[in-house]
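As stored in query_29.txt (compact mmCIF, C-alpha atoms):
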```
# COMPACT_ATOMS: atom_id res chain seq x y z
CA MET K 325 -17.51 283.35 6.73
CA ARG K 326 -19.12 286.72 6.56
CA GLY K 327 -21.04 289.34 8.46
CA GLU K 328 -22.82 292.57 7.75
CA GLU K 329 -21.90 295.93 9.25
CA GLY K 330 -24.58 298.15 10.71
CA VAL K 331 -25.03 301.90 10.41
CA GLY K 332 -22.20 304.14 11.51
CA SER K 333 -18.48 304.38 10.90
CA SER K 334 -17.57 303.00 14.33
CA MET K 335 -19.13 299.59 13.62
CA GLU K 336 -22.07 300.18 15.92
CA THR K 337 -23.60 296.83 15.04
CA VAL K 338 -22.65 293.75 13.05
CA ARG K 339 -24.86 290.96 11.79
CA PHE K 340 -23.96 287.32 11.20
CA PRO K 341 -25.83 284.15 10.23
CA ALA K 342 -26.35 281.85 13.22
CA GLU K 343 -24.25 279.04 11.75
CA VAL K 344 -21.30 281.42 11.33
CA LEU K 345 -21.41 282.47 14.98
CA LEU K 346 -21.81 278.84 16.04
CA GLY K 347 -18.71 277.80 14.10
CA THR K 348 -16.80 280.79 15.44
CA GLY K 349 -17.71 280.06 19.04
CA ALA K 350 -16.91 276.36 18.71
CA ARG K 351 -13.50 277.12 17.24
CA ILE K 352 -12.67 279.56 20.04
CA PHE K 353 -13.71 277.16 22.81
CA GLN K 354 -11.79 274.31 21.22
CA ALA K 355 -8.70 276.52 21.06
CA ALA K 356 -9.20 277.19 24.77
CA GLY K 357 -9.02 273.49 25.59
CA ALA K 358 -12.57 272.17 25.17
CA PRO K 359 -13.08 268.88 23.29
CA ALA K 360 -14.67 269.43 19.87
CA GLU K 361 -18.11 268.15 20.88
CA THR K 362 -18.14 270.16 24.12
CA ALA K 363 -17.09 273.29 22.23
CA ARG K 364 -19.92 272.84 19.76
CA VAL K 365 -22.54 272.16 22.45
CA VAL K 366 -21.60 275.31 24.40
CA ALA K 367 -21.39 277.49 21.29
CA SER K 368 -24.75 276.14 20.10
CA ALA K 369 -26.35 277.00 23.45
CA LEU K 370 -25.05 280.57 23.30
CA VAL K 371 -26.14 281.10 19.70
CA GLU K 372 -29.58 279.65 20.44
CA ALA K 373 -29.94 282.25 23.21
CA ASN K 374 -29.21 284.97 20.63
CA LEU K 375 -31.68 283.42 18.18
CA LYS K 376 -34.40 283.51 20.82
CA GLY K 377 -33.76 287.14 21.65
CA HIS K 378 -31.85 286.62 24.91
CA ASP K 379 -28.62 288.31 23.86
CA SER K 380 -27.69 288.54 27.54
CA HIS K 381 -26.99 284.78 27.46
CA GLY K 382 -25.60 284.61 23.94
CA VAL K 383 -22.16 284.94 22.35
CA LEU K 384 -21.59 288.02 24.49
CA ARG K 385 -20.49 285.43 27.09
CA ILE K 386 -17.58 284.05 25.05
CA PRO K 387 -14.94 286.47 26.46
CA GLN K 388 -16.29 285.93 29.98
CA TYR K 389 -16.05 282.14 29.66
CA LEU K 390 -12.50 282.36 28.28
CA ASP K 391 -11.47 284.55 31.20
CA ARG K 392 -12.85 281.92 33.60
CA ILE K 393 -10.96 279.18 31.77
CA ARG K 394 -7.71 281.14 32.09
CA LYS K 395 -8.29 281.57 35.82
CA GLY K 396 -9.01 277.85 36.27
CA GLN K 397 -12.64 278.52 37.20
CA ILE K 398 -14.02 276.59 34.21
CA LYS K 399 -12.39 273.24 33.41
CA PRO K 400 -13.03 273.10 29.67
CA ALA K 401 -12.59 269.32 29.29
CA ALA K 402 -14.64 268.34 32.37
CA GLN K 403 -17.75 266.22 31.91
CA PRO K 404 -20.77 266.05 34.29
CA ARG K 405 -21.44 262.89 36.28
CA ILE K 406 -24.18 261.44 38.44
CA GLN K 407 -22.98 261.89 42.00
CA GLY K 408 -25.90 260.18 43.70
CA GLU K 409 -29.31 258.74 42.90
CA ARG K 410 -32.36 257.32 44.61
CA GLY K 411 -35.57 256.38 42.86
CA ALA K 412 -37.02 259.40 41.09
CA THR K 413 -34.20 261.70 42.27
CA ALA K 414 -30.58 262.19 41.30
CA LEU K 415 -27.74 264.59 41.97
CA VAL K 416 -25.57 265.68 39.03
CA SER K 417 -22.13 267.21 39.53
CA GLY K 418 -20.95 269.57 36.82
CA GLU K 419 -17.33 268.95 37.88
CA TRP K 420 -16.70 272.69 37.39
CA GLY K 421 -16.90 272.33 33.61
CA PHE K 422 -19.19 274.34 31.35
CA GLY K 423 -22.57 274.79 33.01
CA GLN K 424 -24.48 274.04 29.81
CA LEU K 425 -23.17 270.46 29.80
CA ALA K 426 -24.33 269.97 33.39
CA GLY K 427 -27.75 271.47 32.65
CA ILE K 428 -28.29 269.27 29.59
CA ALA K 429 -27.16 266.13 31.42
CA ALA K 430 -29.33 266.89 34.46
CA THR K 431 -32.37 267.55 32.27
CA ASP K 432 -31.81 264.30 30.39
CA GLU K 433 -31.70 262.51 33.73
CA ALA K 434 -34.82 264.28 34.97
CA VAL K 435 -36.71 263.35 31.81
CA ARG K 436 -35.59 259.72 31.96
CA ARG K 437 -36.75 259.35 35.54
CA ALA K 438 -40.02 261.21 34.87
CA GLN K 439 -40.72 258.77 32.04
CA GLU K 440 -40.20 255.93 34.51
CA TYR K 441 -41.80 257.34 37.67
CA GLY K 442 -44.10 260.05 36.33
CA VAL K 443 -42.21 262.76 38.21
CA SER K 444 -38.57 263.42 39.04
CA ALA K 445 -36.27 265.89 40.76
CA VAL K 446 -32.59 266.30 39.85
CA GLY K 447 -30.16 268.57 41.66
CA VAL K 448 -27.16 270.20 40.00
CA VAL K 449 -24.05 271.12 42.00
CA ARG K 450 -20.40 272.06 41.36
CA CYS K 451 -21.67 273.90 38.33
CA ASN K 452 -20.69 277.05 36.43
CA HIS K 453 -23.01 279.41 34.54
CA LEU K 454 -25.96 277.38 33.23
CA GLY K 455 -26.78 279.83 30.47
CA ARG K 456 -30.40 280.39 29.46
CA VAL K 457 -32.37 278.20 31.87
CA GLY K 458 -35.41 278.24 29.59
CA ALA K 459 -33.45 275.92 27.30
CA TYR K 460 -33.76 273.09 29.81
CA VAL K 461 -37.55 273.23 30.11
CA GLU K 462 -37.71 273.35 26.30
CA GLN K 463 -35.50 270.26 26.22
CA ALA K 464 -37.89 268.52 28.63
CA ALA K 465 -40.99 269.63 26.69
CA ALA K 466 -39.56 268.04 23.54
CA LYS K 467 -39.79 264.74 25.46
CA ASP K 468 -43.39 265.35 26.61
CA CYS K 469 -42.45 266.61 30.07
CA ALA K 470 -43.50 269.71 31.95
CA ALA K 471 -40.52 271.04 33.89
CA MET K 472 -39.24 273.69 36.27
CA VAL K 473 -35.73 274.98 37.00
CA TRP K 474 -34.82 276.85 40.19
CA VAL K 475 -31.34 278.37 40.60
CA GLY K 476 -30.10 279.63 43.96
CA GLY K 477 -27.07 280.21 46.16
CA LEU K 478 -25.29 282.55 43.76
CA GLY K 479 -22.31 283.97 45.65
CA THR K 480 -22.33 287.55 44.43
CA ARG K 481 -25.56 288.95 45.77
CA PRO K 482 -26.65 292.02 43.79
CA ALA K 483 -30.35 291.80 44.65
CA VAL K 484 -32.03 293.86 47.37
CA PRO K 485 -34.74 292.03 49.36
CA HIS K 486 -38.12 293.74 49.31
CA GLY K 487 -38.09 296.47 51.93
CA GLY K 488 -34.32 296.20 52.43
CA SER K 489 -31.60 298.84 52.14
CA ARG K 490 -28.76 296.65 50.80
CA SER K 491 -28.31 293.61 48.59
CA ALA K 492 -28.51 290.09 50.03
CA LEU K 493 -29.63 287.70 47.25
CA GLY K 494 -28.52 286.56 43.80
CA THR K 495 -30.51 287.11 40.64
CA ASN K 496 -31.86 283.56 41.23
CA PRO K 497 -33.38 282.75 37.82
CA ILE K 498 -36.33 280.40 37.41
CA SER K 499 -37.99 278.75 34.44
CA ALA K 500 -41.00 276.54 33.76
CA GLY K 501 -42.34 274.93 30.62
CA PHE K 502 -45.23 272.83 29.34
CA PRO K 503 -45.45 270.92 26.03
CA VAL K 504 -48.13 272.05 23.58
CA GLN K 505 -49.63 269.89 20.86
CA GLY K 506 -48.31 270.83 17.43
CA GLU K 507 -46.22 273.86 18.36
CA HIS K 508 -43.57 275.37 20.63
CA PRO K 509 -44.02 274.88 24.39
CA VAL K 510 -45.26 277.45 26.85
CA VAL K 511 -42.09 278.74 28.54
CA LEU K 512 -41.45 281.08 31.46
CA ASP K 513 -37.81 282.11 31.95
CA TYR K 514 -36.52 285.05 33.92
CA ALA K 515 -34.40 286.30 36.77
CA THR K 516 -36.24 287.11 39.98
CA THR K 517 -34.66 290.56 39.83
CA ALA K 518 -36.26 293.27 37.69
CA ILE K 519 -33.43 292.81 35.19
CA ALA K 520 -30.81 290.11 34.62
CA VAL K 521 -27.11 290.94 34.94
CA GLY K 522 -26.55 289.78 31.36
CA LYS K 523 -29.01 292.39 30.09
CA ILE K 524 -26.97 295.04 31.90
CA MET K 525 -23.91 293.74 30.00
CA VAL K 526 -25.82 294.07 26.72
CA ALA K 527 -26.93 297.62 27.54
CA ARG K 528 -23.40 298.65 28.52
CA ASP K 529 -21.92 297.31 25.25
CA ALA K 530 -24.65 299.04 23.25
CA GLY K 531 -24.30 302.33 25.15
CA LYS K 532 -27.96 302.29 26.14
CA PRO K 533 -29.65 303.16 29.47
CA LEU K 534 -31.49 300.61 31.58
CA PRO K 535 -35.25 300.82 32.09
CA PRO K 536 -36.27 302.89 35.12
CA GLY K 537 -37.12 301.13 38.34
CA VAL K 538 -34.73 298.18 38.08
CA MET K 539 -31.60 299.38 39.88
CA ILE K 540 -30.31 301.63 42.65
CA ASP K 541 -26.83 303.03 43.20
CA LYS K 542 -24.68 302.40 46.28
CA ASN K 543 -26.52 305.21 48.07
CA GLY K 544 -29.95 303.76 47.35
CA ARG K 545 -30.86 306.24 44.62
CA PRO K 546 -32.56 305.04 41.40
CA SER K 547 -30.29 304.86 38.36
CA THR K 548 -30.54 303.82 34.71
CA ASP K 549 -26.77 303.95 34.00
CA PRO K 550 -25.39 300.42 33.39
CA GLU K 551 -21.98 301.48 34.74
CA VAL K 552 -23.54 302.17 38.14
CA PHE K 553 -24.19 298.46 38.62
CA TYR K 554 -20.45 297.79 38.48
CA LYS K 555 -19.84 300.48 41.10
CA GLU K 556 -21.69 298.81 43.99
CA GLY K 557 -25.11 299.22 42.44
CA ALA K 558 -27.92 296.80 43.36
CA LEU K 559 -30.93 295.29 41.62
CA LEU K 560 -34.53 295.43 42.74
CA PRO K 561 -36.79 292.36 42.73
CA PHE K 562 -39.41 292.24 39.99
CA GLY K 563 -42.96 292.72 41.26
CA GLY K 564 -41.89 293.88 44.71
CA HIS K 565 -42.60 291.30 47.41
CA LYS K 566 -43.71 288.71 44.81
CA GLY K 567 -40.40 288.54 42.97
CA TYR K 568 -38.56 288.68 46.29
CA SER K 569 -40.53 285.70 47.62
CA LEU K 570 -39.80 283.67 44.48
CA SER K 571 -36.12 284.52 44.88
CA VAL K 572 -36.11 283.17 48.43
CA ILE K 573 -37.75 279.91 47.29
CA ALA K 574 -35.19 279.61 44.47
CA GLU K 575 -32.40 280.09 47.03
CA LEU K 576 -33.79 277.27 49.16
CA LEU K 577 -34.50 274.82 46.34
CA GLY K 578 -31.30 275.56 44.42
CA GLN K 579 -28.91 275.51 47.35
CA ALA K 580 -30.38 274.26 50.63
CA LEU K 581 -32.13 271.26 49.07
CA THR K 582 -29.33 270.22 46.71
CA GLY K 583 -26.47 270.71 49.19
CA ALA K 584 -24.62 273.00 46.79
CA ASP K 585 -23.26 275.00 49.73
CA ARG K 586 -21.08 272.22 51.17
CA TYR K 587 -18.42 271.50 48.52
CA GLN K 588 -14.92 272.09 49.83
CA ASP K 589 -13.34 272.22 46.36
CA ALA K 590 -15.42 275.27 45.51
CA GLY K 591 -12.42 277.55 46.04
CA THR K 592 -11.36 276.91 42.44
CA ALA K 593 -14.64 278.25 41.07
CA GLU K 594 -15.65 281.86 40.58
CA GLU K 595 -17.19 283.32 43.71
CA VAL K 596 -20.65 283.62 42.17
CA PHE K 597 -20.89 279.84 41.54
CA ARG K 598 -18.93 278.32 44.43
CA HIS K 599 -22.00 277.35 46.42
CA ALA K 600 -24.71 277.77 43.81
CA GLY K 601 -26.95 274.96 42.62
CA ALA K 602 -30.07 274.23 40.64
CA LEU K 603 -33.10 271.99 41.00
CA ILE K 604 -34.75 270.56 37.89
CA VAL K 605 -38.20 269.05 38.35
CA ALA K 606 -39.83 267.13 35.50
CA ILE K 607 -43.38 265.75 35.29
CA HIS K 608 -44.35 263.55 32.39
CA ALA K 609 -47.34 264.92 30.50
CA GLY K 610 -48.90 261.45 30.77
CA ALA K 611 -48.57 261.25 34.55
CA PHE K 612 -52.30 261.79 35.21
CA ARG K 613 -53.95 261.42 31.81
CA PRO K 614 -52.79 260.46 28.29
CA ALA K 615 -49.97 262.82 27.31
CA GLU K 616 -51.63 263.82 24.04
CA GLU K 617 -54.76 264.87 25.93
CA ALA K 618 -52.73 267.10 28.24
CA LYS K 619 -50.91 268.65 25.29
CA ALA K 620 -54.20 269.17 23.44
CA VAL K 621 -55.65 271.04 26.43
CA ALA K 622 -52.52 273.20 26.45
CA ARG K 623 -53.09 273.92 22.75
CA ARG K 624 -56.67 274.99 23.43
CA LEU K 625 -55.49 277.30 26.19
CA VAL K 626 -52.90 279.12 24.07
CA THR K 627 -55.40 279.39 21.21
CA ARG K 628 -58.00 280.91 23.53
CA LEU K 629 -55.52 283.42 24.93
CA ARG K 630 -54.42 284.53 21.47
CA MET K 631 -58.04 285.16 20.49
CA VAL K 632 -58.43 287.80 23.20
CA PRO K 633 -58.73 291.24 21.52
CA PRO K 634 -55.51 293.21 22.12
CA ALA K 635 -55.44 296.39 24.15
CA GLN K 636 -54.97 299.71 22.38
CA GLY K 637 -51.46 299.98 21.00
CA VAL K 638 -50.79 296.23 21.27
CA GLU K 639 -50.55 294.14 18.13
CA SER K 640 -51.73 290.86 19.63
CA VAL K 641 -51.86 288.81 22.82
CA LEU K 642 -48.85 286.51 23.03
CA THR K 643 -48.40 283.41 25.16
CA PRO K 644 -45.27 282.76 27.30
CA GLY K 645 -42.52 281.54 25.00
CA GLU K 646 -44.13 282.98 21.87
CA PRO K 647 -41.85 286.05 21.66
CA GLU K 648 -38.83 283.73 21.69
CA ALA K 649 -40.33 281.49 18.99
CA ARG K 650 -41.08 284.51 16.78
CA THR K 651 -37.65 286.01 17.31
CA MET K 652 -36.00 282.72 16.47
CA ARG K 653 -37.83 282.52 13.14
CA GLN K 654 -36.87 286.11 12.35
CA ARG K 655 -33.21 285.84 13.32
CA THR K 656 -32.77 282.46 11.65
CA ALA K 657 -33.78 284.16 8.41
CA SER K 658 -32.10 287.56 8.83
CA GLY K 659 -29.14 286.84 11.10
CA ILE K 660 -28.04 287.82 14.61
CA GLU K 661 -27.13 291.43 15.30
CA LEU K 662 -24.39 292.21 17.83
CA ALA K 663 -23.16 295.48 19.27
CA GLY K 664 -19.82 296.47 17.77
CA GLU K 665 -18.24 296.44 21.23
CA THR K 666 -19.43 292.87 21.79
CA TRP K 667 -17.88 291.71 18.51
CA ARG K 668 -14.59 293.46 19.26
CA SER K 669 -14.46 291.73 22.64
CA ILE K 670 -15.02 288.35 20.95
CA LEU K 671 -12.21 289.06 18.45
CA ALA K 672 -9.82 289.97 21.28
CA ALA K 673 -10.80 286.87 23.23
CA ALA K 674 -10.24 284.67 20.18
CA GLU K 675 -6.80 286.14 19.59
CA SER K 676 -5.91 285.45 23.24
CA VAL K 677 -6.30 281.70 22.62
CA GLY K 678 -4.43 281.72 19.34
CA VAL K 679 -7.27 282.17 16.84
CA PRO K 680 -6.12 285.03 14.57
CA PRO K 681 -8.66 287.64 13.47
CA ARG K 682 -8.04 286.77 9.80
CA ASP K 683 -9.59 283.35 10.45
CA LEU K 684 -12.78 284.83 11.87
CA PRO K 685 -15.74 286.41 10.05
CA SER K 686 -15.36 290.06 9.14
CA PRO K 687 -18.15 292.60 8.69
CA GLY K 688 -16.44 293.75 5.53
CA ASP K 689 -16.65 290.34 3.85
CA LEU K 690 -20.28 290.69 2.75
CA PRO K 691 -20.53 291.81 -0.87
CA ALA K 692 -22.38 295.05 -1.56
CA GLU K 693 -26.04 294.63 -2.54
```

Full structure transcribed into structure tokens:
Amino acid sequence: MRGEEGVGSSMETVRFPAEVLLGTGARIFQAAGAPAETARVVASALVEANLKGHDSHGVLRIPQYLDRIRKGQIKPAAQPRIQGERGATALVSGEWGFGQLAGIAATDEAVRRAQEYGVSAVGVVRCNHLGRVGAYVEQAAAKDCAAMVWVGGLGTRPAVPHGGSRSALGTNPISAGFPVQGEHPVVLDYATTAIAVGKIMVARDAGKPLPPGVMIDKNGRPSTDPEVFYKEGALLPFGGHKGYSLSVIAELLGQALTGADRYQDAGTAEEVFRHAGALIVAIHAGAFRPAEEAKAVARRLVTRLRMVPPAQGVESVLTPGEPEARTMRQRTASGIELAGETWRSILAAAESVGVPPRDLPSPGDLPAE
């Protein structure tokens, strides 16, 4: 296994092929108590996030997940189960295992019921970090379903409501996707705050400032220093009242509707997830017309949008999900770049579960060109 060191004597960045990081992550999770298949599924989800350009939900999370396993907040061998069902609806319990397993299982269930009924809604409760929620609408699109994911009820509330002076909401991510004939789906995936917490983690590891206008310090003053967030800083909603309103809806659909707030065993989970839940809605592309017709119309739409002349300084008009598809092609070919601090944290986490550094990829292993 091998990686490539970036510029600078302090290992500012390292680069690895995706399959190397996947194998590394799987080995670490298995050493931490996850069954082999579970370890591979979770590692694959993290690496796919890196491949698609969402480093905030990638292998950066490995040390965080191991810390939660040590504290008993993630049960690494737990498997999701259907807790209740009625017609086109179901409720999936993640059993406090890895959130990715619960998200995949709930999406599978939503797709199956949408194929039967045309539309479905599946709640997810007793669930840890779901990872990149765009992955679930992509999973549904691969089965000819449009889908939406709403996450709410997150226990640590770093987001300030529009017009407010202190935080009162979670980052409450949402995603939506639609299958497109002959290519990647249209995908929307983002936190309802102006920046996701994971992206603050990435910036802190890389020693970079945050964009202006996304965060305030504990005194309400604007700040671009990632460290300020961890010192009682708060996040602003994206788009002012519009992002705030979407966050409120996500809170209601993810928690109030699913009943995620009522589980008495939640004391074992990390505070942020104790009463958090998600709602996955799937609609089969053939619910109202032949599925191929719906997908063909989607293809015409994305083609029409891409034909719009770009504004000055812009290379081309992209459709939602296209940046991720482009980044995945690029990183699949050239590898995934990590901040040196991120890689050092992964090495330390691996050693903590008995995986020695000598058994992991090293930036110095790549032969000189």

Subject >> For atom CA of Glu616 of chain K and atom CA of Lys467 of chain K, the interatomic separation in Å (one decimal) >> reply: 12.0 Å

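The residue that comes closest to Gly458 of chain K, out of K:Gly563, K:Pro536, K:Pro497, K:Gly396 and on the basis of all atoms listed in the file, is K:Pro497.
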
Subject >> Shortest interatomic distance to Arg385 of chain K - which of K:Arg410, K:Ile670, K:Val632, K:Tyr568, counting only C-alpha atoms >> reply: K:Ile670

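Atom CA of Arg351 of chain K is positioned 8.0 Å from atom CA of Val679 of chain K.
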
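Going from atom CA of Ala492 of chain K over to atom CA of Thr516 of chain K, you cover 13.0 Å.
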
Original post:
Could you pull the residues within 12 Å of Tyr587 of chain K, counting all atoms listed in the file, minus those fewer than 6 positions along the same chain, as a list in words?
Top reply: Ser417, Glu419, Trp420, Val449, Arg450, Cys451, Gln579, Ala593, Phe597, Arg598, His599, Ala600 and Gly601 of chain K

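By chain and then residue number, the residues within 7 Å of Ile352 of chain K are Thr348, Ala356, Ala674 and Val679 of chain K, counting all atoms listed in the file and disregarding those fewer than 4 positions away in sequence.
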
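Using only C-alpha atoms, the smallest distance between any of K:Ser491, K:Gly442, K:Leu370, K:Lys395 and Gly423 of chain K comes from K:Leu370.
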
Centre and edge lengths, as AutoDock Vina command-line options, for the axis-aligned box enclosing every listed atom of segment 422-431 of chain K with 3 Å of padding on each of the six sides, in Å to one decimal?
```
--center_x -25.8 --center_y 270.5 --center_z 32.0 --size_x 19.2 --size_y 14.7 --size_z 10.9
```

Subject >> Close residues, Thr362 of chain K itself excluded, 10 Å, all atoms listed in the file, min 4 positions apart in chain, as a ChimeraX atom specification >> reply: /K:350,353-354,357-358,366-368,400-403,421-422,424-425

**OP:** Find the residues around Glu507 of chain K up to 12 Å (only C-alpha atoms counted), leave out those fewer than 3 positions away in its own chain, and share them as a PyMOL selection string.
**Re:** chain K and resi 462+465-466+502-504+510+619-620+622-624+626-627+643+645-646+649-650

**OP:** Using only C-alpha atoms, find all polymer residues with an atom at most 10 Å away from the point (-34.8, 263.9, 31.7); report them as a ChimeraX atom specification.
**Re:** /K:428-439,443-446,460-461,463-465,467,469,471,604-608

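Residue nearest Leu603 of chain K within the list K:Ile398, K:Leu629, K:Ile573, K:Ala355: K:Ile573 [criterion: smallest interatomic distance, all atoms listed in the file].
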
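Restricting the calculation to only C-alpha atoms, the smallest distance between Val473 of chain K and any of K:Arg456, K:Lys542, K:His378, K:His486 is found for K:Arg456.
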
Subject >> Spatial neighbours of Trp474 of chain K, max dist 6 Å, all atoms listed in the file, sep filter under 4 positions, as a PyMOL selection string >> reply: chain K and resi 498+574+578+602-603

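Nearest to Ala558 of chain K of all the residues K:Pro680, K:Gly610, K:Gly408, K:Pro485 is K:Pro485, based on all atoms listed in the file.
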